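Pasted below: model.csv, CSV, C-alpha atoms.
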chain,number,residue,atom,x,y,z
A,1,MET,CA,-1.8,-36.3,-41.2
A,2,SER,CA,-3.5,-33.2,-40.0
A,3,LYS,CA,-0.6,-32.4,-37.8
A,4,LEU,CA,1.8,-32.4,-40.7
A,5,ALA,CA,-0.6,-30.4,-42.8
A,6,SER,CA,-0.8,-27.7,-40.2
A,7,LEU,CA,2.9,-27.0,-40.4
A,8,ARG,CA,3.1,-25.5,-36.9
A,9,PRO,CA,6.5,-25.2,-35.1
A,10,THR,CA,6.9,-27.2,-31.9
A,11,LYS,CA,9.3,-26.5,-29.0
A,12,HIS,CA,11.8,-29.1,-27.8
A,13,ALA,CA,13.5,-28.5,-24.5
A,14,GLY,CA,17.2,-29.3,-24.1
A,15,ARG,CA,18.3,-28.3,-27.7
A,16,GLU,CA,19.6,-24.9,-27.1
A,17,ARG,CA,22.7,-25.4,-29.3
A,18,GLU,CA,20.8,-26.7,-32.4
A,19,GLY,CA,17.6,-24.7,-31.7
A,20,GLN,CA,14.5,-25.5,-29.7
A,21,TRP,CA,11.9,-24.8,-32.3
A,22,CYS,CA,11.3,-27.6,-34.7
A,23,VAL,CA,9.4,-27.7,-38.1
A,24,ASN,CA,8.4,-31.1,-39.5
A,25,VAL,CA,8.5,-31.0,-43.3
A,26,PRO,CA,6.5,-33.7,-45.0
A,27,LYS,CA,8.1,-35.8,-47.8
A,28,ALA,CA,5.9,-34.2,-50.5
A,29,LEU,CA,7.2,-30.7,-49.7
A,30,SER,CA,10.8,-31.5,-48.8
A,31,SER,CA,13.5,-30.3,-51.1
A,32,THR,CA,15.3,-33.6,-50.6
A,33,GLY,CA,12.3,-35.8,-51.3
A,34,LYS,CA,12.4,-37.2,-47.8
A,35,ARG,CA,10.8,-36.2,-44.5
A,36,GLN,CA,12.8,-33.5,-42.7
A,37,ARG,CA,13.0,-31.9,-39.3
A,38,LEU,CA,14.3,-28.4,-39.3
A,39,PHE,CA,15.4,-26.6,-36.0
A,40,PHE,CA,15.5,-22.9,-35.4
A,41,SER,CA,16.7,-20.8,-32.4
A,42,SER,CA,13.5,-18.7,-32.3
A,43,GLU,CA,9.8,-19.2,-32.8
A,44,ARG,CA,9.7,-16.4,-35.3
A,45,GLU,CA,12.2,-18.0,-37.5
A,46,ALA,CA,10.4,-21.3,-37.3
A,47,LYS,CA,7.0,-19.7,-38.2
A,48,THR,CA,8.6,-17.9,-41.2
A,49,GLU,CA,9.8,-21.2,-42.5
A,50,CYS,CA,6.4,-22.7,-42.0
A,51,GLU,CA,4.8,-19.9,-44.1
A,52,ARG,CA,7.4,-20.5,-46.9
A,53,ILE,CA,6.6,-24.2,-47.0
A,54,LYS,CA,2.9,-23.5,-47.0
A,55,THR,CA,3.4,-21.2,-50.0
A,56,ARG,CA,5.3,-24.0,-51.7
A,57,ARG,CA,2.5,-26.4,-51.0
A,58,VAL,CA,-0.1,-24.1,-52.5
A,59,ASN,CA,2.0,-23.5,-55.6
A,60,PHE,CA,2.6,-27.2,-55.9
A,61,GLY,CA,-1.2,-27.8,-55.8
A,62,HIS,CA,-1.8,-25.3,-58.5
A,63,SER,CA,1.0,-26.7,-60.7
A,64,LEU,CA,-0.3,-30.2,-60.1
A,65,SER,CA,-3.9,-29.3,-61.0
A,66,SER,CA,-2.7,-27.9,-64.3
A,67,LEU,CA,-1.1,-31.1,-65.3
A,68,SER,CA,-3.0,-33.9,-67.1
A,69,PRO,CA,-2.8,-37.4,-65.7
A,70,ALA,CA,-0.7,-38.4,-68.7
A,71,ARG,CA,1.9,-35.7,-67.9
A,72,ILE,CA,2.0,-36.6,-64.3
A,73,ALA,CA,2.7,-40.2,-65.3
A,74,GLU,CA,5.4,-39.1,-67.7
A,75,ALA,CA,7.1,-37.0,-65.1
A,76,SER,CA,7.0,-39.9,-62.7
A,77,ALA,CA,8.6,-42.1,-65.4
A,78,CYS,CA,11.3,-39.5,-65.9
A,79,PHE,CA,12.1,-39.3,-62.2
A,80,GLN,CA,12.4,-43.1,-62.2
A,81,ARG,CA,14.7,-43.1,-65.2
A,82,LEU,CA,16.9,-40.4,-63.7
A,83,GLY,CA,17.1,-42.3,-60.5
A,84,GLN,CA,18.3,-45.4,-62.4
A,85,ASP,CA,20.7,-44.0,-64.9
A,86,ALA,CA,21.7,-40.6,-63.4
A,87,PRO,CA,21.4,-40.6,-59.6
A,88,GLY,CA,21.6,-37.2,-58.1
A,89,ILE,CA,20.5,-35.3,-61.3
A,90,THR,CA,17.3,-33.4,-61.0
A,91,LEU,CA,14.6,-33.3,-63.6
A,92,THR,CA,15.2,-29.6,-64.0
A,93,ALA,CA,18.9,-30.1,-64.7
A,94,ALA,CA,18.1,-32.8,-67.2
A,95,VAL,CA,15.6,-30.6,-69.1
A,96,MET,CA,17.9,-27.6,-69.1
A,97,GLY,CA,20.7,-29.8,-70.5
A,98,PHE,CA,18.5,-31.1,-73.3
A,99,LEU,CA,17.2,-27.6,-74.2
A,100,GLU,CA,20.8,-26.3,-74.5
A,101,SER,CA,21.6,-29.1,-76.9
A,102,HIS,CA,18.3,-28.7,-78.8
A,103,LEU,CA,18.7,-24.9,-79.2
A,104,ALA,CA,22.3,-25.4,-80.4
A,105,ARG,CA,21.1,-27.9,-83.0
A,106,THR,CA,18.3,-25.8,-84.3
A,107,ALA,CA,20.7,-22.9,-84.6
A,108,SER,CA,23.1,-25.0,-86.7
A,109,VAL,CA,23.2,-25.8,-90.4
A,110,THR,CA,24.1,-28.8,-92.5
A,111,MET,CA,27.7,-29.6,-93.1
A,112,SER,CA,27.2,-28.9,-96.8
A,113,THR,CA,25.9,-25.4,-96.0
A,114,LEU,CA,28.8,-24.8,-93.6
A,115,TRP,CA,31.3,-25.7,-96.3
A,116,ASP,CA,29.7,-23.3,-98.8
A,117,GLN,CA,29.7,-20.5,-96.2
A,118,PHE,CA,33.3,-21.1,-95.2
A,119,ILE,CA,34.6,-21.3,-98.8
A,120,ALA,CA,32.8,-18.1,-99.6
A,121,THR,CA,34.9,-16.3,-96.9
A,122,ARG,CA,38.2,-17.5,-98.5
A,123,SER,CA,38.0,-14.9,-101.3
A,124,THR,CA,41.6,-13.9,-101.0
A,125,ALA,CA,42.9,-17.5,-100.8
A,126,SER,CA,44.7,-19.1,-103.7
A,127,VAL,CA,42.7,-20.9,-106.3
A,128,PRO,CA,44.5,-24.3,-105.5
A,129,TYR,CA,43.6,-23.9,-101.9
A,130,LYS,CA,40.0,-23.2,-102.5
A,131,GLN,CA,39.9,-26.2,-104.9
A,132,LYS,CA,41.2,-28.4,-102.2
A,133,LEU,CA,38.5,-27.2,-99.8
A,134,ILE,CA,35.8,-27.9,-102.4
A,135,SER,CA,37.3,-31.3,-103.2
A,136,THR,CA,37.5,-32.2,-99.4
A,137,SER,CA,33.8,-31.2,-98.9
A,138,LYS,CA,32.8,-33.5,-101.8
A,139,ARG,CA,34.9,-36.4,-100.6
A,140,LEU,CA,33.2,-36.4,-97.2
A,141,VAL,CA,29.9,-37.5,-98.6
A,142,SER,CA,28.5,-39.1,-95.5
A,143,LEU,CA,28.9,-35.8,-93.5
A,144,ARG,CA,27.4,-33.4,-96.0
A,145,GLY,CA,23.8,-33.9,-95.0
A,146,MET,CA,24.4,-34.0,-91.3
A,147,ILE,CA,23.7,-31.1,-89.0
A,148,ALA,CA,27.2,-29.7,-88.2
A,149,SER,CA,26.6,-29.6,-84.4
A,150,ASP,CA,25.6,-33.3,-84.5
A,151,ILE,CA,28.9,-34.5,-86.0
A,152,LYS,CA,30.9,-36.7,-83.6
A,153,PRO,CA,34.5,-37.9,-83.9
A,154,LYS,CA,33.2,-41.4,-84.7
A,155,ASP,CA,31.3,-40.0,-87.8
A,156,ILE,CA,34.5,-38.4,-89.0
A,157,GLU,CA,36.6,-41.5,-88.5
A,158,GLU,CA,34.0,-43.5,-90.5
A,159,ALA,CA,33.9,-41.0,-93.3
A,160,ILE,CA,37.7,-41.1,-93.8
A,161,ALA,CA,38.1,-44.9,-93.1
A,162,GLY,CA,38.9,-45.8,-96.7
A,163,PHE,CA,41.4,-42.9,-97.4
A,164,PRO,CA,45.1,-43.4,-97.7
A,165,PRO,CA,47.1,-42.2,-94.6
A,166,SER,CA,48.5,-39.0,-96.1
A,167,SER,CA,45.1,-38.2,-97.6
A,168,LYS,CA,43.4,-38.7,-94.2
A,169,ASN,CA,45.6,-36.1,-92.6
A,170,ALA,CA,45.0,-33.6,-95.4
A,171,VAL,CA,41.2,-34.1,-95.2
A,172,LEU,CA,41.3,-33.7,-91.5
A,173,SER,CA,43.3,-30.5,-91.7
A,174,TYR,CA,40.8,-28.9,-94.1
A,175,LEU,CA,37.8,-30.2,-92.2
A,176,ARG,CA,39.2,-28.7,-89.0
A,177,VAL,CA,39.5,-25.2,-90.4
A,178,ALA,CA,36.0,-25.4,-91.7
A,179,LEU,CA,34.6,-26.4,-88.3
A,180,ASN,CA,36.7,-23.8,-86.6
A,181,TYR,CA,34.8,-21.3,-88.8
A,182,GLY,CA,31.7,-22.9,-87.5
A,183,LEU,CA,32.9,-22.3,-83.9
A,184,ARG,CA,33.5,-18.6,-84.6
A,185,THR,CA,30.0,-18.2,-86.1
A,186,GLY,CA,28.2,-20.2,-83.4
A,187,VAL,CA,27.1,-23.0,-85.7
A,188,VAL,CA,28.9,-25.6,-83.6
A,189,LYS,CA,29.9,-25.6,-79.9
A,190,GLU,CA,33.1,-27.7,-80.3
A,191,ASN,CA,35.3,-29.0,-83.0
A,192,PRO,CA,35.1,-32.8,-83.2
A,193,VAL,CA,38.3,-33.0,-85.3
A,194,ASP,CA,40.2,-32.0,-82.1
A,195,ARG,CA,39.3,-35.5,-80.8
A,196,VAL,CA,40.3,-37.4,-83.9
A,197,GLU,CA,43.9,-38.8,-84.1
A,198,PHE,CA,45.9,-37.8,-87.1
A,199,ILE,CA,47.9,-40.6,-88.8
A,200,LYS,CA,51.6,-40.6,-88.1
A,201,ILE,CA,53.5,-41.0,-91.3
A,202,VAL,CA,57.1,-42.0,-91.2
A,203,ARG,CA,58.9,-41.6,-94.5
A,204,ASP,CA,62.3,-43.2,-95.1
A,205,GLN,CA,63.7,-40.2,-96.9
A,206,THR,CA,62.7,-37.0,-98.5
A,207,GLU,CA,61.3,-37.5,-102.0
A,208,VAL,CA,63.5,-35.8,-104.6
A,209,LEU,CA,63.7,-36.1,-108.4
A,210,PRO,CA,66.9,-37.4,-109.9
A,211,PRO,CA,68.8,-35.0,-112.1
A,212,LYS,CA,68.1,-36.9,-115.3
A,213,THR,CA,64.3,-36.6,-114.7
A,214,VAL,CA,64.6,-32.9,-114.0
A,215,GLU,CA,66.5,-32.5,-117.3
A,216,LYS,CA,63.9,-34.4,-119.2
A,217,LEU,CA,61.1,-32.2,-117.8
A,218,LEU,CA,62.9,-29.0,-118.7
A,219,ARG,CA,64.0,-30.1,-122.2
A,220,ASP,CA,60.5,-31.3,-123.0
A,221,ALA,CA,59.0,-28.0,-121.9
A,222,MET,CA,61.6,-26.0,-123.8
A,223,ASP,CA,60.8,-27.9,-127.1
A,224,ASN,CA,57.0,-28.5,-126.7
A,225,ASP,CA,55.5,-26.2,-124.1
A,226,LEU,CA,57.7,-23.0,-123.8
A,227,ASP,CA,55.3,-21.2,-121.5
A,228,LEU,CA,55.8,-23.9,-118.8
A,229,ILE,CA,59.6,-23.2,-118.6
A,230,PRO,CA,59.4,-20.3,-116.0
A,231,PHE,CA,57.2,-22.4,-113.7
A,232,LEU,CA,59.6,-25.4,-113.8
A,233,VAL,CA,62.8,-23.3,-113.5
A,234,LEU,CA,61.5,-21.4,-110.4
A,235,ALA,CA,60.0,-24.5,-108.8
A,236,PHE,CA,63.2,-26.5,-109.2
A,237,TYR,CA,65.9,-23.8,-109.0
A,238,ALA,CA,64.3,-21.3,-106.6
A,239,GLY,CA,62.2,-23.7,-104.4
A,240,ILE,CA,59.1,-21.5,-104.7
A,241,ARG,CA,56.1,-23.4,-103.4
A,242,PRO,CA,54.2,-24.5,-106.5
A,243,ASP,CA,50.8,-24.3,-104.8
A,244,GLY,CA,49.9,-20.8,-103.6
A,245,GLU,CA,53.2,-18.9,-104.2
A,246,LEU,CA,54.4,-19.5,-107.7
A,247,GLN,CA,51.1,-18.6,-109.3
A,248,LYS,CA,51.4,-15.1,-107.8
A,249,VAL,CA,55.0,-14.3,-108.8
A,250,LEU,CA,55.3,-11.6,-111.4
A,251,TRP,CA,58.0,-11.0,-114.0
A,252,SER,CA,58.5,-7.7,-112.3
A,253,ASP,CA,59.6,-9.6,-109.2
A,254,ILE,CA,62.6,-11.0,-111.1
A,255,ASP,CA,65.9,-9.2,-112.0
A,256,LEU,CA,68.0,-11.5,-114.2
A,257,LYS,CA,70.8,-8.9,-114.3
A,258,ALA,CA,71.3,-8.7,-110.5
A,259,GLN,CA,74.4,-10.2,-108.8
A,260,LYS,CA,72.2,-11.8,-106.2
A,261,HIS,CA,68.6,-11.7,-104.9
A,262,HIS,CA,67.3,-12.3,-108.4
A,263,VAL,CA,63.8,-13.2,-107.2
A,264,THR,CA,61.7,-11.2,-104.7
A,265,ILE,CA,58.9,-13.1,-102.9
A,266,ARG,CA,56.6,-10.3,-101.8
A,267,SER,CA,54.9,-10.7,-98.4
A,268,THR,CA,51.5,-10.9,-100.1
A,269,VAL,CA,52.9,-13.9,-102.1
A,270,ALA,CA,54.8,-15.7,-99.3
A,271,LYS,CA,53.0,-18.5,-97.5
A,272,LYS,CA,54.3,-17.2,-94.1
A,273,ARG,CA,53.6,-13.6,-95.2
A,274,ARG,CA,57.3,-12.6,-94.8
A,275,LYS,CA,59.2,-11.0,-97.7
A,276,ARG,CA,62.3,-13.0,-98.9
A,277,TRP,CA,64.8,-13.0,-101.7
A,278,ILE,CA,66.2,-16.0,-103.6
A,279,ASP,CA,69.5,-16.2,-105.5
A,280,LEU,CA,69.3,-18.0,-108.9
A,281,SER,CA,72.1,-20.4,-110.0
A,282,ASP,CA,73.9,-20.0,-113.3
A,283,ASN,CA,72.0,-22.8,-115.0
A,284,ALA,CA,68.6,-21.4,-113.8
A,285,LEU,CA,69.6,-18.0,-115.3
A,286,ALA,CA,70.7,-19.8,-118.5
A,287,TRP,CA,67.3,-21.5,-118.8
A,288,LEU,CA,65.4,-18.3,-118.4
A,289,SER,CA,67.7,-16.5,-120.8
A,290,GLU,CA,67.1,-19.2,-123.4
A,291,TYR,CA,63.3,-19.0,-122.7
A,292,ARG,CA,63.4,-15.3,-123.5
A,293,ALA,CA,65.6,-15.8,-126.6
A,294,ARG,CA,63.0,-18.2,-128.0
A,295,GLY,CA,60.3,-15.6,-127.6
A,296,GLY,CA,58.9,-16.4,-124.2
A,297,CYS,CA,56.7,-13.8,-122.6
A,298,THR,CA,58.1,-11.8,-119.8
A,299,ASP,CA,55.1,-9.7,-118.8
A,300,GLY,CA,52.5,-10.3,-116.1
A,301,ARG,CA,52.5,-13.5,-114.1
A,302,ILE,CA,55.2,-16.1,-114.3
A,303,THR,CA,52.5,-18.8,-114.5
A,304,PRO,CA,49.8,-17.3,-116.8
A,305,PHE,CA,47.5,-20.4,-116.6
A,306,SER,CA,44.4,-21.4,-114.8
A,307,ALA,CA,44.8,-24.1,-112.1
A,308,SER,CA,43.2,-26.7,-114.4
A,309,THR,CA,45.4,-25.8,-117.4
A,310,LEU,CA,48.5,-25.9,-115.2
A,311,ARG,CA,47.6,-29.4,-114.0
A,312,ARG,CA,47.0,-30.6,-117.5
A,313,LYS,CA,50.4,-29.2,-118.7
A,314,ARG,CA,52.3,-30.6,-115.8
A,315,ARG,CA,50.6,-34.0,-116.2
A,316,ARG,CA,51.7,-34.2,-119.9
A,317,ASN,CA,55.2,-33.0,-119.1
A,318,ALA,CA,55.5,-35.6,-116.3
A,319,LEU,CA,54.4,-38.5,-118.5
A,320,VAL,CA,57.0,-37.6,-121.1
A,321,ALA,CA,59.7,-37.6,-118.5
A,322,GLY,CA,58.6,-41.0,-117.2
A,323,LEU,CA,56.8,-39.8,-114.0
A,324,ALA,CA,53.5,-41.5,-113.2
A,325,GLU,CA,52.8,-38.6,-110.8
A,326,TRP,CA,54.6,-35.7,-109.2
A,327,PRO,CA,55.9,-36.4,-105.7
A,328,GLN,CA,54.3,-34.0,-103.3
A,329,GLN,CA,56.4,-30.8,-103.2
A,330,GLY,CA,59.0,-32.8,-105.3
A,331,ALA,CA,60.5,-29.8,-107.0
A,332,ARG,CA,60.9,-27.8,-103.8
A,333,HIS,CA,62.4,-30.8,-101.9
A,334,THR,CA,64.8,-31.4,-104.8
A,335,TRP,CA,66.0,-27.7,-104.7
A,336,CYS,CA,66.3,-27.7,-100.9
A,337,SER,CA,68.3,-31.0,-100.8
A,338,CYS,CA,70.7,-30.0,-103.6
A,339,TRP,CA,71.1,-26.4,-102.3
A,340,LEU,CA,72.2,-27.7,-98.9
A,341,ALA,CA,74.5,-30.3,-100.4
A,342,GLN,CA,76.2,-27.6,-102.5
A,343,HIS,CA,76.3,-24.7,-99.9
A,344,GLY,CA,76.2,-26.5,-96.6
A,345,ASP,CA,74.5,-23.4,-95.1
A,346,ILE,CA,71.3,-24.4,-93.3
A,347,ASN,CA,70.5,-20.9,-92.1
A,348,GLY,CA,70.9,-19.5,-95.7
A,349,LEU,CA,68.5,-22.2,-96.9
A,350,VAL,CA,65.9,-21.4,-94.2
A,351,LEU,CA,66.0,-17.7,-95.3
A,352,GLN,CA,65.6,-18.4,-99.0
A,353,ALA,CA,63.1,-21.2,-98.6
A,354,GLY,CA,60.8,-19.1,-96.3
A,355,HIS,CA,60.8,-21.7,-93.6
A,356,GLU,CA,60.8,-21.2,-89.8
A,357,SER,CA,62.9,-24.0,-88.3
A,358,ALA,CA,66.5,-24.7,-89.2
A,359,SER,CA,66.4,-27.9,-87.2
A,360,ILE,CA,63.4,-29.3,-89.2
A,361,MET,CA,65.0,-28.2,-92.5
A,362,PHE,CA,68.3,-29.9,-91.5
A,363,GLN,CA,66.5,-33.0,-90.5
A,364,HIS,CA,64.7,-33.3,-93.9
A,365,TYR,CA,67.4,-32.2,-96.3
A,366,TYR,CA,70.8,-33.0,-94.9
A,367,GLN,CA,72.3,-35.8,-97.0
A,368,ALA,CA,69.0,-36.3,-98.8
A,369,VAL,CA,71.0,-36.4,-102.1
A,370,THR,CA,74.6,-37.4,-102.8
A,371,PRO,CA,77.2,-34.7,-103.6
A,372,GLU,CA,77.4,-36.2,-107.1
A,373,ALA,CA,73.6,-35.9,-107.7
A,374,ALA,CA,73.7,-32.3,-106.4
A,375,ALA,CA,76.5,-31.4,-108.8
A,376,ALA,CA,74.6,-33.0,-111.7
A,377,PHE,CA,71.5,-31.1,-110.8
A,378,TRP,CA,73.3,-27.7,-110.8
A,379,ASN,CA,74.9,-28.6,-114.1
A,380,ILE,CA,71.7,-29.0,-116.1
A,381,PHE,CA,72.0,-26.3,-118.8
A,382,PRO,CA,69.6,-25.7,-121.7
A,383,PRO,CA,70.3,-26.7,-125.3
A,384,VAL,CA,71.1,-23.8,-127.5
A,385,SER,CA,68.6,-23.2,-130.3
A,386,GLU,CA,69.8,-23.7,-133.9
A,387,GLU,CA,69.4,-20.0,-134.6
A,388,ARG,CA,71.8,-19.1,-131.8
A,389,ARG,CA,74.4,-21.6,-133.0
A,390,ILE,CA,74.9,-19.7,-136.3
A,391,VAL,CA,78.1,-17.8,-136.3
A,392,ALA,CA,78.5,-14.8,-138.5
A,393,PHE,CA,81.8,-14.6,-140.4
A,394,SER,CA,83.3,-11.4,-141.8
A,395,ALA,CA,84.4,-11.3,-145.4
Would you put the structure from the file into structure tokens?
Amino acid sequence: MSKLASLRPTKHAGREREGQWCVNVPKALSSTGKRQRLFFSSEREAKTECERIKTRRVNFGHSLSSLSPARIAEASACFQRLGQDAPGITLTAAVMGFLESHLARTASVTMSTLWDQFIATRSTASVPYKQKLISTSKRLVSLRGMIASDIKPKDIEEAIAGFPPSSKNAVLSYLRVALNYGLRTGVVKENPVDRVEFIKIVRDQTEVLPPKTVEKLLRDAMDNDLDLIPFLVLAFYAGIRPDGELQKVLWSDIDLKAQKHHVTIRSTVAKKRRKRWIDLSDNALAWLSEYRARGGCTDGRITPFSASTLRRKRRRNALVAGLAEWPQQGARHTWCSCWLAQHGDINGLVLQAGHESASIMFQHYYQAVTPEAAAAFWNIFPPVSEERRIVAFSA
């Protein structure tokens, strides 16, 4: 024992290649946790190593004396656990890994706070979009009180387990952008939504409204809710996105006397932030003309309602026309399908619809309606008011 404690190099003849000077390192001071024999080519190098090991022994003694018996026992238990469950991992590496996770967690916030912070940054977003973000945050009740950095894919899957497939995808999309904001601000280290599988929804066909239903919607609005007419006409006969775009269109963006390009969708209005122009059909122009003849307002926004008022008006209008609920993007899908059936120009449709892919548009809207249905759709004209039917006769 005294020989090991002395840490003196010894010379071994016949080991010129590996080094003749040997240092015996005891198990307690070995970096491997096992007894070692180190060989050096010169006595000086061997003595230098001895001095380094002696220093380590002194330091170890000081460290050990500063630890209570309880801490020594705890460290021993940790080494044993690491040896069983994570062979090869040092106690230092385990502690550093825990500290990294702990510091990330303490720097994080609850998911409820993250939602509030993220929504506050969306000041320029449309009102419907912000309402969907708020609605999504409230629907994910089980996540609201959790620390954002603690949320795992399993937590998300459990939170959306009872949602319909299409609703699951929408919720996941909004949650993903909120957690991406958390990534940018350092609240979370990864986005768990990236490891959640979206539901693949296969629809048999594009949902469109039949011409008779479209006519009922327009006639009801003309007789009972005149201010709703511009919204319906531009949704059904210009394909402007009802959520986000149509609420920003102004009457100054419309020229009813033009030969074409009647509606200008400014880049600040367009979903894709690209300016585009839309040609209105003869019957669309007729509906807007009748709207103006009946005293409809043509100043300011086309849709001068709050989001909640618009929802209420559309719900009443839909029930009168026999619709239990509006198909998602039903007006836009109807216009795209009937436009392609009438014109047969997929590139022209892409430009006016503000889409990016001709192939996707063709896949969705080619033969989505029959030629007869398209013809009936473009032939829906407004009823002429009684005042306009009076014909003046000269004496």
Residues proximal to (26.8, -24.1, -84.4) were defined as those with any atom within 10 Å of that point in the file's coordinates, counting all atoms listed in the file. Which are they, as a PyMOL selection string? chain A and resi 103-110+114+147-150+179+181-191
If we count only C-alpha atoms, what is near Ala353 in chain A at a cut-off of 12 Å, once residues fewer than 2 positions away on the same chain are taken out, given as a PyMOL selection string? chain A and resi 234-241+245+263-265+270-272+274-279+332-333+335-337+339-340+346-351+355-358+361
Nearest candidate to Gly296 in chain A (options A:Lys257, A:Leu226, A:Val233, A:Lys313; using only C-alpha atoms):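 Among A:Lys257, A:Leu226, A:Val233, A:Lys313, it is A:Leu226 that comes nearest to Gly296 in chain A.
Considering the residues A:Thr298, A:Gln117, A:Gln363, A:Ser142 and counting all atoms listed in the file, Ser252 in chain A has its shortest atom-to-atom contact with A:Thr298.
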What does the distance from CA of Asn317 in chain A to CA of Gln329 in chain A come to in Å, to one decimal?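 If I compute the distance from CA of Asn317 in chain A to CA of Gln329 in chain A, I get 16.1 Å.
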Which is closest to Glu43 in chain A among A:Pro382, A:Gly19, A:Gly295, A:Pro153, if we use all atoms listed in the file?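 Among the listed residues, the smallest separation from Glu43 in chain A belongs to A:Gly19.
Among the candidate residues A:Asp345, A:Ile380, A:Pro26, A:His262, the one lying nearest to Leu218 in chain A is A:Ile380, with distances computed using only C-alpha atoms.
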Within 7 Å of (29.8, -29.1, -94.0), all atoms listed in the file: residues as a PyMOL selection string? chain A and resi 110-115+137+143-144+148
Kindly give the distance, in Å, that separates CA of Ala170 in chain A and CA of Gly322 in chain A, rounded to a single decimal. 26.7 Å
Atomic separation - CA of Ser281 in chain A relative to CA of Asn379 in chain A, Å: 9.6 Å
I'd like the contact shell of Pro210 in chain A - 8 Å cut-off, all atoms listed in the file, skipping same-chain residues fewer than 4 positions apart - returned as a list in words.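 Counting all atoms listed in the file, the residues come to Val214, Ala373 and Phe377 of chain A.
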Could you pull the residues within 9 Å of Lys152 in chain A, counting only C-alpha atoms, minus those fewer than 2 positions along the same chain, as a list of chain:residue names? A:Ser149, A:Asp150, A:Lys154, A:Asp155, A:Ile156, A:Glu157, A:Asn191, A:Pro192, A:Val193, A:Arg195
Within 10 Å of Val127 in chain A, counting all atoms listed in the file, which residues qualify if same-chain residues fewer than 4 places away don't, as a VMD selection string? chain A and resid 122 to 123 131 to 133 243 to 244 247 306 to 308
Could you save those same residues with C-alpha atoms as a PDB file, in the frame of the given file?
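The resulting file, out-v2.pdb, is reproduced below:
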ATOM      1  CA  ARG A 122      38.200 -17.500 -98.500  1.00  0.00           C
ATOM      2  CA  SER A 123      38.000 -14.900-101.300  1.00  0.00           C
ATOM      3  CA  GLN A 131      39.900 -26.200-104.900  1.00  0.00           C
ATOM      4  CA  LYS A 132      41.200 -28.400-102.200  1.00  0.00           C
ATOM      5  CA  LEU A 133      38.500 -27.200 -99.800  1.00  0.00           C
ATOM      6  CA  ASP A 243      50.800 -24.300-104.800  1.00  0.00           C
ATOM      7  CA  GLY A 244      49.900 -20.800-103.600  1.00  0.00           C
ATOM      8  CA  GLN A 247      51.100 -18.600-109.300  1.00  0.00           C
ATOM      9  CA  SER A 306      44.400 -21.400-114.800  1.00  0.00           C
ATOM     10  CA  ALA A 307      44.800 -24.100-112.100  1.00  0.00           C
ATOM     11  CA  SER A 308      43.200 -26.700-114.400  1.00  0.00           C
TER      12      SER A 308
END
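Nearest residue to Ile134 in chain A among A:Cys22, A:Phe118, A:Ser30, A:Val249 is A:Phe118, counting all atoms listed in the file.
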